[in-house]
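So this one's data_19.json, JSON, C-alpha atoms:
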```
[["chain", "number", "residue", "atom", "x", "y", "z"],
["A", 14, "MET", "CA", 76.71, 116.33, 56.22],
["A", 15, "SER", "CA", 76.23, 113.49, 58.71],
["A", 16, "GLN", "CA", 75.16, 114.38, 62.22],
["A", 17, "PRO", "CA", 78.02, 114.49, 64.78],
["A", 18, "ALA", "CA", 78.01, 111.65, 67.29],
["A", 19, "GLN", "CA", 78.49, 114.00, 70.20],
["A", 20, "PHE", "CA", 78.92, 117.60, 71.26],
["A", 21, "LEU", "CA", 82.55, 118.34, 72.18],
["A", 22, "PRO", "CA", 83.37, 118.72, 75.88],
["A", 23, "SER", "CA", 84.40, 121.98, 77.54],
["A", 24, "ASP", "CA", 85.77, 122.70, 81.01],
["A", 25, "GLU", "CA", 82.74, 124.85, 81.88],
["A", 26, "GLY", "CA", 80.36, 122.20, 80.58],
["A", 27, "ILE", "CA", 82.01, 119.39, 82.53],
["A", 28, "ARG", "CA", 82.07, 121.38, 85.77],
["A", 29, "GLY", "CA", 78.43, 122.28, 85.23],
["A", 30, "TYR", "CA", 77.48, 118.60, 85.43],
["A", 31, "LEU", "CA", 79.71, 117.72, 88.38],
["A", 32, "PRO", "CA", 78.12, 117.41, 91.83],
["A", 33, "THR", "CA", 78.75, 120.02, 94.50],
["A", 34, "ALA", "CA", 81.36, 117.82, 96.20],
["A", 35, "LEU", "CA", 83.53, 118.01, 93.05],
["A", 36, "ALA", "CA", 82.81, 121.65, 92.20],
["A", 37, "ARG", "CA", 86.44, 122.70, 92.84],
["A", 38, "LEU", "CA", 88.00, 119.86, 90.83],
["A", 39, "PRO", "CA", 90.38, 121.35, 88.22],
["A", 40, "VAL", "CA", 89.39, 120.32, 84.67],
["A", 41, "PHE", "CA", 91.61, 121.06, 81.68],
["A", 42, "VAL", "CA", 90.24, 120.60, 78.14],
["A", 43, "TYR", "CA", 92.49, 120.77, 75.05],
["A", 44, "PRO", "CA", 91.57, 120.67, 71.35],
["A", 45, "ILE", "CA", 94.42, 118.23, 70.71],
["A", 46, "LEU", "CA", 97.08, 116.44, 72.75],
["A", 47, "ASP", "CA", 99.60, 113.70, 72.14],
["A", 48, "SER", "CA", 98.03, 111.80, 75.06],
["A", 49, "THR", "CA", 95.96, 112.84, 78.06],
["A", 50, "ASN", "CA", 98.03, 110.47, 80.23],
["A", 51, "THR", "CA", 101.25, 112.06, 78.98],
["A", 52, "GLN", "CA", 99.85, 115.52, 79.64],
["A", 53, "GLY", "CA", 98.88, 114.40, 83.14],
["A", 54, "ARG", "CA", 102.49, 113.35, 83.75],
["A", 55, "ARG", "CA", 103.74, 116.71, 82.49],
["A", 56, "MET", "CA", 101.38, 118.61, 84.77],
["A", 57, "LEU", "CA", 102.47, 116.52, 87.75],
["A", 58, "ALA", "CA", 106.12, 117.26, 86.93],
["A", 59, "GLU", "CA", 105.25, 120.97, 86.81],
["A", 60, "GLY", "CA", 103.96, 120.72, 90.38],
["A", 61, "LEU", "CA", 100.19, 120.73, 89.85],
["A", 62, "SER", "CA", 98.35, 119.37, 92.89],
["A", 63, "THR", "CA", 96.09, 116.36, 92.55],
["A", 64, "PRO", "CA", 93.36, 115.49, 91.80],
["A", 65, "PHE", "CA", 92.68, 116.95, 88.37],
["A", 66, "VAL", "CA", 91.17, 115.89, 85.06],
["A", 67, "VAL", "CA", 92.65, 116.25, 81.56],
["A", 68, "VAL", "CA", 90.42, 115.96, 78.48],
["A", 69, "ALA", "CA", 91.28, 116.18, 74.76],
["A", 70, "HIS", "CA", 89.05, 116.45, 71.70],
["A", 71, "SER", "CA", 91.61, 114.26, 69.92],
["A", 72, "GLN", "CA", 94.97, 112.58, 70.54],
["A", 73, "THR", "CA", 97.90, 112.04, 68.20],
["A", 74, "ALA", "CA", 99.57, 109.38, 70.37],
["A", 75, "GLY", "CA", 96.83, 107.83, 72.51],
["A", 76, "LYS", "CA", 98.21, 105.11, 74.79],
["A", 77, "GLY", "CA", 96.91, 101.59, 75.32],
["A", 78, "ARG", "CA", 98.08, 98.61, 77.35],
["A", 79, "LEU", "CA", 101.36, 96.81, 76.58],
["A", 80, "GLY", "CA", 102.69, 99.71, 74.51],
["A", 81, "ARG", "CA", 99.79, 99.70, 72.06],
["A", 82, "SER", "CA", 98.29, 102.84, 70.58],
["A", 83, "PHE", "CA", 94.68, 104.01, 71.00],
["A", 84, "TYR", "CA", 93.22, 105.62, 67.89],
["A", 85, "SER", "CA", 91.72, 108.95, 68.96],
["A", 86, "PRO", "CA", 90.48, 111.07, 66.03],
["A", 87, "PRO", "CA", 88.40, 114.24, 66.50],
["A", 88, "ASN", "CA", 84.61, 114.04, 66.69],
["A", 89, "SER", "CA", 84.74, 110.34, 67.50],
["A", 90, "GLY", "CA", 85.01, 109.86, 71.25],
["A", 91, "LEU", "CA", 85.86, 110.95, 74.75],
["A", 92, "TYR", "CA", 89.53, 110.95, 75.74],
["A", 93, "MET", "CA", 90.20, 111.77, 79.38],
["A", 94, "THR", "CA", 92.58, 111.17, 82.29],
["A", 95, "LEU", "CA", 92.01, 111.47, 86.02],
["A", 96, "VAL", "CA", 95.16, 112.11, 88.04],
["A", 97, "TYR", "CA", 94.94, 111.53, 91.78],
["A", 98, "THR", "CA", 97.13, 110.53, 94.72],
["A", 99, "ALA", "CA", 96.61, 107.28, 96.62],
["A", 100, "SER", "CA", 98.18, 106.10, 99.86],
["A", 101, "GLY", "CA", 100.20, 102.92, 99.40],
["A", 102, "ALA", "CA", 101.68, 102.05, 96.03],
["A", 103, "SER", "CA", 101.00, 98.31, 95.92],
["A", 104, "GLY", "CA", 98.14, 97.34, 93.61],
["A", 105, "GLN", "CA", 96.84, 100.87, 93.11],
["A", 106, "ALA", "CA", 97.00, 100.77, 89.30],
["A", 107, "ALA", "CA", 95.20, 97.41, 89.20],
["A", 108, "ARG", "CA", 92.46, 98.63, 91.53],
["A", 109, "ALA", "CA", 92.09, 101.86, 89.55],
["A", 110, "THR", "CA", 91.66, 99.91, 86.32],
["A", 111, "SER", "CA", 88.92, 97.71, 87.77],
["A", 112, "ALA", "CA", 87.13, 100.65, 89.41],
["A", 113, "ALA", "CA", 87.28, 102.58, 86.15],
["A", 114, "ALA", "CA", 85.74, 99.70, 84.21],
["A", 115, "VAL", "CA", 82.73, 99.73, 86.53],
["A", 116, "ALA", "CA", 82.50, 103.53, 86.58],
["A", 117, "VAL", "CA", 82.57, 103.86, 82.79],
["A", 118, "CYS", "CA", 80.00, 101.09, 82.32],
["A", 119, "ASP", "CA", 77.67, 102.84, 84.77],
["A", 120, "ALA", "CA", 78.21, 106.24, 83.11],
["A", 121, "ILE", "CA", 77.55, 104.86, 79.62],
["A", 122, "SER", "CA", 74.36, 103.25, 80.92],
["A", 123, "GLU", "CA", 73.21, 106.49, 82.57],
["A", 124, "VAL", "CA", 74.10, 108.92, 79.76],
["A", 125, "CYS", "CA", 73.85, 106.79, 76.62],
["A", 126, "GLY", "CA", 71.37, 104.11, 77.65],
["A", 127, "LYS", "CA", 73.72, 101.30, 76.60],
["A", 128, "GLU", "CA", 74.88, 98.32, 78.70],
["A", 129, "ALA", "CA", 78.54, 97.49, 78.19],
["A", 130, "GLY", "CA", 80.35, 94.42, 79.48],
["A", 131, "ILE", "CA", 83.90, 94.05, 80.81],
["A", 132, "LYS", "CA", 86.45, 91.87, 79.10],
["A", 133, "TRP", "CA", 89.11, 91.20, 81.73],
["A", 134, "VAL", "CA", 91.18, 93.13, 82.56],
["A", 135, "ASN", "CA", 90.14, 96.54, 81.36],
["A", 136, "ASP", "CA", 88.34, 96.62, 78.00],
["A", 137, "LEU", "CA", 84.64, 97.43, 77.62],
["A", 138, "TYR", "CA", 82.61, 95.72, 74.92],
["A", 139, "LEU", "CA", 79.23, 96.33, 73.29],
["A", 140, "ASP", "CA", 77.72, 93.95, 70.74],
["A", 141, "GLY", "CA", 80.96, 91.97, 70.63],
["A", 142, "LYS", "CA", 83.23, 94.93, 69.86],
["A", 143, "LYS", "CA", 85.59, 96.98, 71.99],
["A", 144, "VAL", "CA", 84.22, 100.45, 72.74],
["A", 145, "CYS", "CA", 86.52, 101.60, 75.56],
["A", 146, "GLY", "CA", 90.09, 101.14, 76.69],
["A", 147, "ILE", "CA", 91.50, 101.98, 80.12],
["A", 148, "LEU", "CA", 95.14, 102.51, 81.07],
["A", 149, "ALA", "CA", 96.28, 103.13, 84.66],
["A", 150, "GLU", "CA", 99.86, 104.14, 85.44],
["A", 151, "ALA", "CA", 101.33, 104.61, 88.93],
["A", 152, "ILE", "CA", 104.17, 106.94, 89.91],
["A", 153, "PRO", "CA", 105.65, 106.52, 93.41],
["A", 154, "CYS", "CA", 105.57, 109.63, 95.56],
["A", 155, "ALA", "CA", 106.00, 110.59, 99.24],
["A", 156, "GLU", "CA", 102.29, 110.10, 99.96],
["A", 157, "GLY", "CA", 102.15, 106.68, 98.23],
["A", 158, "CYS", "CA", 101.68, 107.01, 94.50],
["A", 159, "HIS", "CA", 100.18, 109.25, 91.88],
["A", 160, "VAL", "CA", 97.75, 107.34, 89.68],
["A", 161, "ILE", "CA", 97.29, 108.46, 86.08],
["A", 162, "LEU", "CA", 94.04, 106.88, 84.94],
["A", 163, "GLY", "CA", 93.36, 107.20, 81.23],
["A", 164, "ILE", "CA", 90.02, 106.39, 79.58],
["A", 165, "GLY", "CA", 89.15, 106.38, 75.89],
["A", 166, "VAL", "CA", 85.54, 105.81, 74.79],
["A", 167, "ASN", "CA", 84.57, 105.36, 71.13],
["A", 168, "LEU", "CA", 81.25, 107.10, 70.53],
["A", 169, "THR", "CA", 81.39, 106.52, 66.77],
["A", 170, "THR", "CA", 83.74, 104.93, 64.26],
["A", 171, "LYS", "CA", 82.33, 106.68, 61.18],
["A", 172, "ASP", "CA", 85.66, 108.45, 60.57],
["A", 173, "PHE", "CA", 87.84, 105.42, 61.32],
["A", 174, "PRO", "CA", 89.80, 103.83, 58.43],
["A", 175, "ASP", "CA", 87.88, 100.99, 56.78],
["A", 176, "GLY", "CA", 90.16, 98.29, 58.15],
["A", 177, "MET", "CA", 89.74, 99.57, 61.69],
["A", 178, "ARG", "CA", 85.93, 99.84, 61.75],
["A", 179, "HIS", "CA", 85.34, 96.10, 61.93],
["A", 180, "PRO", "CA", 87.32, 95.18, 65.07],
["A", 181, "ALA", "CA", 86.57, 98.51, 66.75],
["A", 182, "GLY", "CA", 83.14, 99.23, 68.19],
["A", 183, "ALA", "CA", 81.18, 102.34, 69.11],
["A", 184, "VAL", "CA", 78.72, 103.19, 71.86],
["A", 185, "LEU", "CA", 76.35, 104.94, 69.44],
["A", 186, "SER", "CA", 74.76, 103.55, 66.31],
["A", 187, "GLY", "CA", 73.76, 105.62, 63.30],
["A", 188, "GLU", "CA", 70.23, 105.97, 64.66],
["A", 189, "ASP", "CA", 71.24, 107.26, 68.11],
["A", 190, "ALA", "CA", 70.98, 110.91, 69.08],
["A", 191, "PRO", "CA", 74.21, 112.85, 69.71],
["A", 192, "VAL", "CA", 75.69, 112.72, 73.21],
["A", 193, "GLU", "CA", 76.97, 115.73, 75.14],
["A", 194, "LEU", "CA", 80.48, 114.63, 76.04],
["A", 195, "SER", "CA", 80.71, 117.14, 78.89],
["A", 196, "ARG", "CA", 77.89, 115.23, 80.57],
["A", 197, "LEU", "CA", 79.50, 111.83, 79.89],
["A", 198, "CYS", "CA", 82.87, 113.04, 81.18],
["A", 199, "ALA", "CA", 81.27, 114.43, 84.35],
["A", 200, "ALA", "CA", 79.34, 111.20, 84.92],
["A", 201, "ILE", "CA", 82.50, 109.11, 84.52],
["A", 202, "THR", "CA", 84.42, 111.43, 86.86],
["A", 203, "GLU", "CA", 81.74, 111.35, 89.55],
["A", 204, "LYS", "CA", 81.42, 107.57, 89.39],
["A", 205, "LEU", "CA", 85.21, 107.16, 89.43],
["A", 206, "PHE", "CA", 85.51, 109.04, 92.70],
["A", 207, "ASP", "CA", 82.69, 106.93, 94.10],
["A", 208, "CYS", "CA", 84.15, 103.58, 92.96],
["A", 209, "LEU", "CA", 87.63, 104.49, 94.21],
["A", 210, "SER", "CA", 86.41, 105.27, 97.74],
["A", 211, "PRO", "CA", 87.22, 102.56, 100.32],
["A", 212, "GLU", "CA", 83.57, 102.14, 101.34],
["A", 213, "ALA", "CA", 82.65, 101.25, 97.75],
["A", 214, "ALA", "CA", 85.14, 98.37, 97.42],
["A", 215, "GLU", "CA", 82.65, 95.53, 97.92],
["A", 216, "ARG", "CA", 79.95, 97.16, 95.80],
["A", 217, "CYS", "CA", 82.45, 97.77, 92.98],
["A", 218, "LEU", "CA", 83.59, 94.13, 93.06],
["A", 219, "VAL", "CA", 79.99, 92.90, 92.85],
["A", 220, "ALA", "CA", 79.32, 95.24, 89.90],
["A", 221, "TYR", "CA", 82.51, 94.13, 88.13],
["A", 222, "ARG", "CA", 81.55, 90.46, 88.47],
["A", 223, "ARG", "CA", 78.05, 91.18, 87.18],
["A", 224, "ARG", "CA", 79.40, 92.82, 84.03],
["A", 225, "LEU", "CA", 82.28, 90.39, 83.46],
["A", 226, "LEU", "CA", 82.22, 88.76, 80.03],
["A", 227, "LEU", "CA", 83.32, 85.22, 79.14],
["A", 228, "VAL", "CA", 82.35, 83.58, 82.44],
["A", 229, "GLY", "CA", 81.80, 79.92, 81.63],
["A", 230, "GLN", "CA", 83.65, 80.27, 78.33],
["A", 231, "ARG", "CA", 86.74, 78.35, 77.29],
["A", 232, "VAL", "CA", 89.54, 80.83, 76.64],
["A", 233, "LEU", "CA", 93.19, 81.06, 75.75],
["A", 234, "CYS", "CA", 95.23, 83.41, 77.92],
["A", 235, "SER", "CA", 98.51, 84.74, 76.60],
["A", 236, "ARG", "CA", 100.29, 85.36, 79.86],
["A", 237, "ASN", "CA", 102.40, 88.46, 79.76],
["A", 238, "PHE", "CA", 103.55, 87.83, 83.33],
["A", 239, "ALA", "CA", 105.13, 84.66, 84.70],
["A", 240, "PRO", "CA", 104.19, 83.36, 88.19],
["A", 241, "ASP", "CA", 107.13, 85.26, 89.72],
["A", 242, "GLY", "CA", 105.82, 88.52, 88.25],
["A", 243, "SER", "CA", 108.43, 88.83, 85.48],
["A", 244, "PRO", "CA", 107.31, 89.49, 81.87],
["A", 245, "ASP", "CA", 106.93, 86.26, 79.92],
["A", 246, "PRO", "CA", 104.90, 86.60, 76.69],
["A", 247, "THR", "CA", 105.78, 83.04, 75.65],
["A", 248, "VAL", "CA", 103.59, 81.36, 78.28],
["A", 249, "SER", "CA", 99.91, 80.72, 77.54],
["A", 250, "LEU", "CA", 97.13, 78.88, 79.34],
["A", 251, "GLU", "CA", 93.86, 77.35, 78.20],
["A", 252, "GLY", "CA", 90.98, 77.12, 80.63],
["A", 253, "LEU", "CA", 87.40, 77.87, 81.60],
["A", 254, "VAL", "CA", 86.69, 81.30, 83.07],
["A", 255, "GLU", "CA", 85.07, 80.99, 86.50],
["A", 256, "GLY", "CA", 85.16, 84.68, 87.47],
["A", 257, "VAL", "CA", 87.49, 86.96, 89.41],
["A", 258, "ASP", "CA", 88.76, 86.71, 92.98],
["A", 259, "ASP", "CA", 88.55, 89.51, 95.55],
["A", 260, "ASP", "CA", 91.62, 91.19, 94.02],
["A", 261, "TYR", "CA", 90.22, 91.04, 90.46],
["A", 262, "GLY", "CA", 92.50, 88.17, 89.45],
["A", 263, "LEU", "CA", 90.99, 85.99, 86.71],
["A", 264, "ILE", "CA", 90.10, 82.49, 87.95],
["A", 265, "LEU", "CA", 90.75, 79.83, 85.30],
["A", 266, "ARG", "CA", 89.90, 76.13, 85.63],
["A", 267, "LEU", "CA", 92.52, 74.33, 83.58],
["A", 268, "LYS", "CA", 92.06, 71.15, 81.55],
["A", 269, "ASP", "CA", 93.45, 69.03, 84.39],
["A", 270, "GLY", "CA", 90.81, 70.40, 86.78],
["A", 271, "THR", "CA", 93.15, 72.65, 88.75],
["A", 272, "ARG", "CA", 92.47, 76.35, 89.19],
["A", 273, "GLN", "CA", 94.88, 79.18, 88.55],
["A", 274, "VAL", "CA", 94.46, 82.89, 89.25],
["A", 275, "LEU", "CA", 95.95, 85.26, 86.67],
["A", 276, "ARG", "CA", 97.10, 88.77, 87.54],
["A", 277, "GLY", "CA", 97.93, 89.89, 84.03],
["A", 278, "GLY", "CA", 97.74, 88.86, 80.41],
["A", 279, "GLU", "CA", 95.47, 88.85, 77.37],
["A", 280, "ILE", "CA", 92.52, 86.50, 76.92],
["A", 281, "SER", "CA", 90.58, 85.45, 73.85],
["A", 282, "LEU", "CA", 87.89, 82.90, 73.11],
["A", 283, "TRP", "CA", 89.48, 79.57, 72.23],
["A", 284, "ILE", "CA", 86.74, 78.19, 69.96],
["A", 285, "LYS", "CA", 85.47, 81.39, 68.32],
["A", 286, "SER", "CA", 86.34, 85.06, 68.35],
["A", 287, "PHE", "CA", 84.21, 87.85, 69.78]]
```
Translate this file's structure into C-alpha cells.
Amino acid sequence: MSQPAQFLPSDEGIRGYLPTALARLPVFVYPILDSTNTQGRRMLAEGLSTPFVVVAHSQTAGKGRLGRSFYSPPNSGLYMTLVYTASGASGQAARATSAAAVAVCDAISEVCGKEAGIKWVNDLYLDGKKVCGILAEAIPCAEGCHVILGIGVNLTTKDFPDGMRHPAGAVLSGEDAPVELSRLCAAITEKLFDCLSPEAAERCLVAYRRRLLLVGQRVLCSRNFAPDGSPDPTVSLEGLVEGVDDDYGLILRLKDGTRQVLRGGEISLWIKSF
C-alpha cells in the first residue's frame, strides 16, 4: 500500500498547534461534508458566533470560483473554511482572498518546505500546476459582513482520475514525507489572522507582489466583469502584466500602450500555457 500523503486533521490536533492567542478559537472537523463553506453558512444561520474554523477530510460538493467545483477526495488534501466578521462590507471578500493567498503560501513554505506562487486572483501554483484554490464569500450583517473564506490545498493527486492529474498539481511529490494536516491547518489559520489584521496590510501587499506569477508575461484576460461592475464574460483583453495596484487589481499594459486595472476575471498565458 502506498504511503498516505498526510495525516488527517483533528480538532484537538489543530488546537494543539495554534498559538495561545487563538487557543479559544472553535474548530470543527468532519469526516465528510458537502462543502466547508456551505457548512459555515449553515452554522452562521444557526447562530454560531464568529470566528470559527470548519475542516473536512473530504467534500462531495467543494466550491470554486464562478460556480466551478473543487475536487476534494479523502486522503488527498486539506479542505477548510474560516468564518469571521469584518466591519464594512465593501471589498472584504477581495481583501480576504488576497490575504489568504499570502497566508497559505507562507504556511506551505513553513510546513511543507515548498514555495508556491500566486496566479491572480486567488490560485496557488507549484511547478506550473494549480495546488490550491481559495473562495471568499461575504454575507452582509449588522456589524458589516460575515466573511466565509474557503481554502482547498491538494497535497497529492494519486487518487485523482487520470484525466484530472495532469492539469491539477500537488504540494507533495512521491518522494516527500507525509504532512500532518493539523499542523498545516493551524499554520494557515494563524497566518490568516495575521494577514487580515489592519497593521499587516502593507506587509501582505508586498508579499503578494513578491509571489505574483506572470509579471512581465503577455496574457489574455477573459473579463467576467465589465467596467461598470456588471457580469460580462464576452469581453476579453490582451496585455502585459505589470503587477497589482494597492487594492490588488491587476495592472495590464495593453497593445496600444495604455494601462488598465482589472478587478475580476480569468487570465491565461497568450503564447503558451502554464
Closest to Val192 of chain A among A:Asn135, A:Ser235, A:Ser89, A:Thr98, using all atoms listed in the file?
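Distance minimum relative to Val192 of chain A lands on A:Ser89.
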Would you mind listing what lies within 8 Å of Ala109 of chain A as a list of chain:residue names, with only C-alpha atoms counted and same-chain residues fewer than 6 positions away left out?
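My list of contacting residues is A:Ala149, A:Val160, A:Leu162, A:Leu209.
Atom CA of Asn167 of chain A to atom CA of Cys198 of chain A spans 12.8 Å [interatomic distance, one decimal].
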Residues within 12 Å of Phe20 of chain A, please, as number ranges by chain. Count all atoms listed in the file; anything in the same chain fewer than 4 positions from it doesn't count.
A: 16, 26-27, 70, 87-91, 168, 190-198
Produce a file of the selected residues containing C-alpha atoms, as a compact mmCIF listing (two decimals), keeping the file's coordinate frame.
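Listing of part_31.txt after writing:
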```txt
# COMPACT_ATOMS: atom_id res chain seq x y z
CA GLN A 16 75.16 114.38 62.22
CA GLY A 26 80.36 122.20 80.58
CA ILE A 27 82.01 119.39 82.53
CA HIS A 70 89.05 116.45 71.70
CA PRO A 87 88.40 114.24 66.50
CA ASN A 88 84.61 114.04 66.69
CA SER A 89 84.74 110.34 67.50
CA GLY A 90 85.01 109.86 71.25
CA LEU A 91 85.86 110.95 74.75
CA LEU A 168 81.25 107.10 70.53
CA ALA A 190 70.98 110.91 69.08
CA PRO A 191 74.21 112.85 69.71
CA VAL A 192 75.69 112.72 73.21
CA GLU A 193 76.97 115.73 75.14
CA LEU A 194 80.48 114.63 76.04
CA SER A 195 80.71 117.14 78.89
CA ARG A 196 77.89 115.23 80.57
CA LEU A 197 79.50 111.83 79.89
CA CYS A 198 82.87 113.04 81.18
```
Any idea what's packed within 8 Å of Glu203 of chain A, counting only C-alpha atoms, ignoring anything in its chain fewer than 6 positions away? Could you give it as a ChimeraX atom specification?
/A:31-32,35
Could you please determine the separation between atom CA of Ser23 of chain A and atom CA of Ala112 of chain A in Å, to one decimal place?
24.6 Å
Atom CA of Cys234 of chain A and atom CA of Glu279 of chain A, how far apart in Å?
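These two atoms are separated by 5.5 Å.
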Contacts of Ser100 of chain A within 8 Å, all atoms listed in the file, excl. fewer than 2 positions in-chain, as JSON, numbers by chain
{"A": [98, 102, 156, 157, 158]}
What would the file look like if the residues just selected were written as a JSON list (two decimals), in the coordinates of the input with C-alpha atoms?
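And here's out02.json as it stands now:
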```
[["chain", "number", "residue", "atom", "x", "y", "z"],
["A", 98, "THR", "CA", 97.13, 110.53, 94.72],
["A", 102, "ALA", "CA", 101.68, 102.05, 96.03],
["A", 156, "GLU", "CA", 102.29, 110.10, 99.96],
["A", 157, "GLY", "CA", 102.15, 106.68, 98.23],
["A", 158, "CYS", "CA", 101.68, 107.01, 94.50]]
```
What's the 9 Å shell around segment 218-224 of chain A, counting only C-alpha atoms, without same-chain residues fewer than 5 positions away, as a PyMOL selection string?
chain A and resi 111-112+114-115+118+128-132+213+256-257+259-261
Nearest to Gly141 of chain A, chosen from A:Val232, A:Ala199, A:Leu227, A:Leu263, with only C-alpha atoms counted in the distances
A:Leu227
Between A:Val68, A:Leu148, A:Leu139, A:Ala99, which is the closest to Ala183 of chain A once you count all atoms listed in the file?
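Of all the options, A:Leu139 lies closest to Ala183 of chain A.
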With 12 Å as the threshold, what does the neighbourhood of (70.9, 107.1, 69.3) contain in terms of residues, counting all atoms listed in the file? Coordinates are those of the file; answer as a PDB file with C-alpha atoms, keeping the file's coordinate frame.
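Written file, point.pdb:
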```pdb
ATOM      1  CA  GLN A  16      75.160 114.380  62.220  1.00  0.00           C
ATOM      2  CA  PRO A  17      78.020 114.490  64.780  1.00  0.00           C
ATOM      3  CA  ALA A  18      78.010 111.650  67.290  1.00  0.00           C
ATOM      4  CA  GLN A  19      78.490 114.000  70.200  1.00  0.00           C
ATOM      5  CA  VAL A 124      74.100 108.920  79.760  1.00  0.00           C
ATOM      6  CA  CYS A 125      73.850 106.790  76.620  1.00  0.00           C
ATOM      7  CA  GLY A 126      71.370 104.110  77.650  1.00  0.00           C
ATOM      8  CA  LYS A 127      73.720 101.300  76.600  1.00  0.00           C
ATOM      9  CA  LEU A 168      81.250 107.100  70.530  1.00  0.00           C
ATOM     10  CA  THR A 169      81.390 106.520  66.770  1.00  0.00           C
ATOM     11  CA  ALA A 183      81.180 102.340  69.110  1.00  0.00           C
ATOM     12  CA  VAL A 184      78.720 103.190  71.860  1.00  0.00           C
ATOM     13  CA  LEU A 185      76.350 104.940  69.440  1.00  0.00           C
ATOM     14  CA  SER A 186      74.760 103.550  66.310  1.00  0.00           C
ATOM     15  CA  GLY A 187      73.760 105.620  63.300  1.00  0.00           C
ATOM     16  CA  GLU A 188      70.230 105.970  64.660  1.00  0.00           C
ATOM     17  CA  ASP A 189      71.240 107.260  68.110  1.00  0.00           C
ATOM     18  CA  ALA A 190      70.980 110.910  69.080  1.00  0.00           C
ATOM     19  CA  PRO A 191      74.210 112.850  69.710  1.00  0.00           C
ATOM     20  CA  VAL A 192      75.690 112.720  73.210  1.00  0.00           C
TER      21      VAL A 192
END
```
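Across A:His159, A:Lys171, A:Arg266, A:Arg108, the tightest approach to Ile147 of chain A is made by A:Arg108 when counting all atoms listed in the file.
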Nearest to Ile280 of chain A among A:Ala214, A:Ile164, A:Leu205, A:Val134, with distances taken over all atoms listed in the file: which residue is it?
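Once distances to Ile280 of chain A are computed over all atoms listed in the file, the minimum belongs to A:Val134.
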Out of A:Leu21, A:Val144, A:Leu265, A:Thr202, which residue has the shortest atom-to-atom distance to Pro39 of chain A when counting all atoms listed in the file?
A:Thr202
Enclose all atoms of segment 140-154 of chain A listed in the file in an axis-aligned box, grow every side by 5 Å, and hand back centre and edge lengths in Å to one decimal, as AutoDock Vina command-line options.
```
--center_x 91.7 --center_y 100.8 --center_z 82.7 --size_x 37.9 --size_y 27.7 --size_z 35.7
```
Once you've located segment 111-123 of chain A in the structure I gave, write it as a PDB file, in the first residue's frame, keeping N, CA and C atoms.
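The result, stored in out09.pdb:
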```
ATOM      1  N   SER A 111      -6.989  37.831  -1.184  1.00  0.00           N
ATOM      2  CA  SER A 111      -5.580  38.182  -1.346  1.00  0.00           C
ATOM      3  C   SER A 111      -4.776  37.835  -0.102  1.00  0.00           C
ATOM      4  N   ALA A 112      -5.338  38.135   1.088  1.00  0.00           N
ATOM      5  CA  ALA A 112      -4.660  37.798   2.331  1.00  0.00           C
ATOM      6  C   ALA A 112      -4.489  36.293   2.467  1.00  0.00           C
ATOM      7  N   ALA A 113      -5.518  35.541   2.062  1.00  0.00           N
ATOM      8  CA  ALA A 113      -5.445  34.089   2.154  1.00  0.00           C
ATOM      9  C   ALA A 113      -4.368  33.524   1.237  1.00  0.00           C
ATOM     10  N   ALA A 114      -4.223  34.095   0.047  1.00  0.00           N
ATOM     11  CA  ALA A 114      -3.196  33.616  -0.879  1.00  0.00           C
ATOM     12  C   ALA A 114      -1.815  33.731  -0.247  1.00  0.00           C
ATOM     13  N   VAL A 115      -1.545  34.858   0.401  1.00  0.00           N
ATOM     14  CA  VAL A 115      -0.255  35.052   1.068  1.00  0.00           C
ATOM     15  C   VAL A 115      -0.118  34.105   2.252  1.00  0.00           C
ATOM     16  N   ALA A 116      -1.170  33.997   3.059  1.00  0.00           N
ATOM     17  CA  ALA A 116      -1.120  33.155   4.252  1.00  0.00           C
ATOM     18  C   ALA A 116      -0.867  31.689   3.902  1.00  0.00           C
ATOM     19  N   VAL A 117      -1.545  31.195   2.875  1.00  0.00           N
ATOM     20  CA  VAL A 117      -1.379  29.785   2.506  1.00  0.00           C
ATOM     21  C   VAL A 117       0.011  29.543   1.921  1.00  0.00           C
ATOM     22  N   CYS A 118       0.491  30.471   1.100  1.00  0.00           N
ATOM     23  CA  CYS A 118       1.862  30.338   0.580  1.00  0.00           C
ATOM     24  C   CYS A 118       2.866  30.250   1.728  1.00  0.00           C
ATOM     25  N   ASP A 119       2.728  31.131   2.709  1.00  0.00           N
ATOM     26  CA  ASP A 119       3.658  31.140   3.840  1.00  0.00           C
ATOM     27  C   ASP A 119       3.548  29.857   4.657  1.00  0.00           C
ATOM     28  N   ALA A 120       2.321  29.347   4.851  1.00  0.00           N
ATOM     29  CA  ALA A 120       2.129  28.122   5.624  1.00  0.00           C
ATOM     30  C   ALA A 120       2.704  26.913   4.889  1.00  0.00           C
ATOM     31  N   ILE A 121       2.507  26.843   3.578  1.00  0.00           N
ATOM     32  CA  ILE A 121       3.065  25.740   2.797  1.00  0.00           C
ATOM     33  C   ILE A 121       4.589  25.778   2.859  1.00  0.00           C
ATOM     34  N   SER A 122       5.165  26.966   2.798  1.00  0.00           N
ATOM     35  CA  SER A 122       6.612  27.101   2.901  1.00  0.00           C
ATOM     36  C   SER A 122       7.105  26.611   4.257  1.00  0.00           C
ATOM     37  N   GLU A 123       6.409  27.014   5.323  1.00  0.00           N
ATOM     38  CA  GLU A 123       6.831  26.673   6.687  1.00  0.00           C
ATOM     39  C   GLU A 123       6.670  25.184   6.983  1.00  0.00           C
TER      40      GLU A 123
END
```
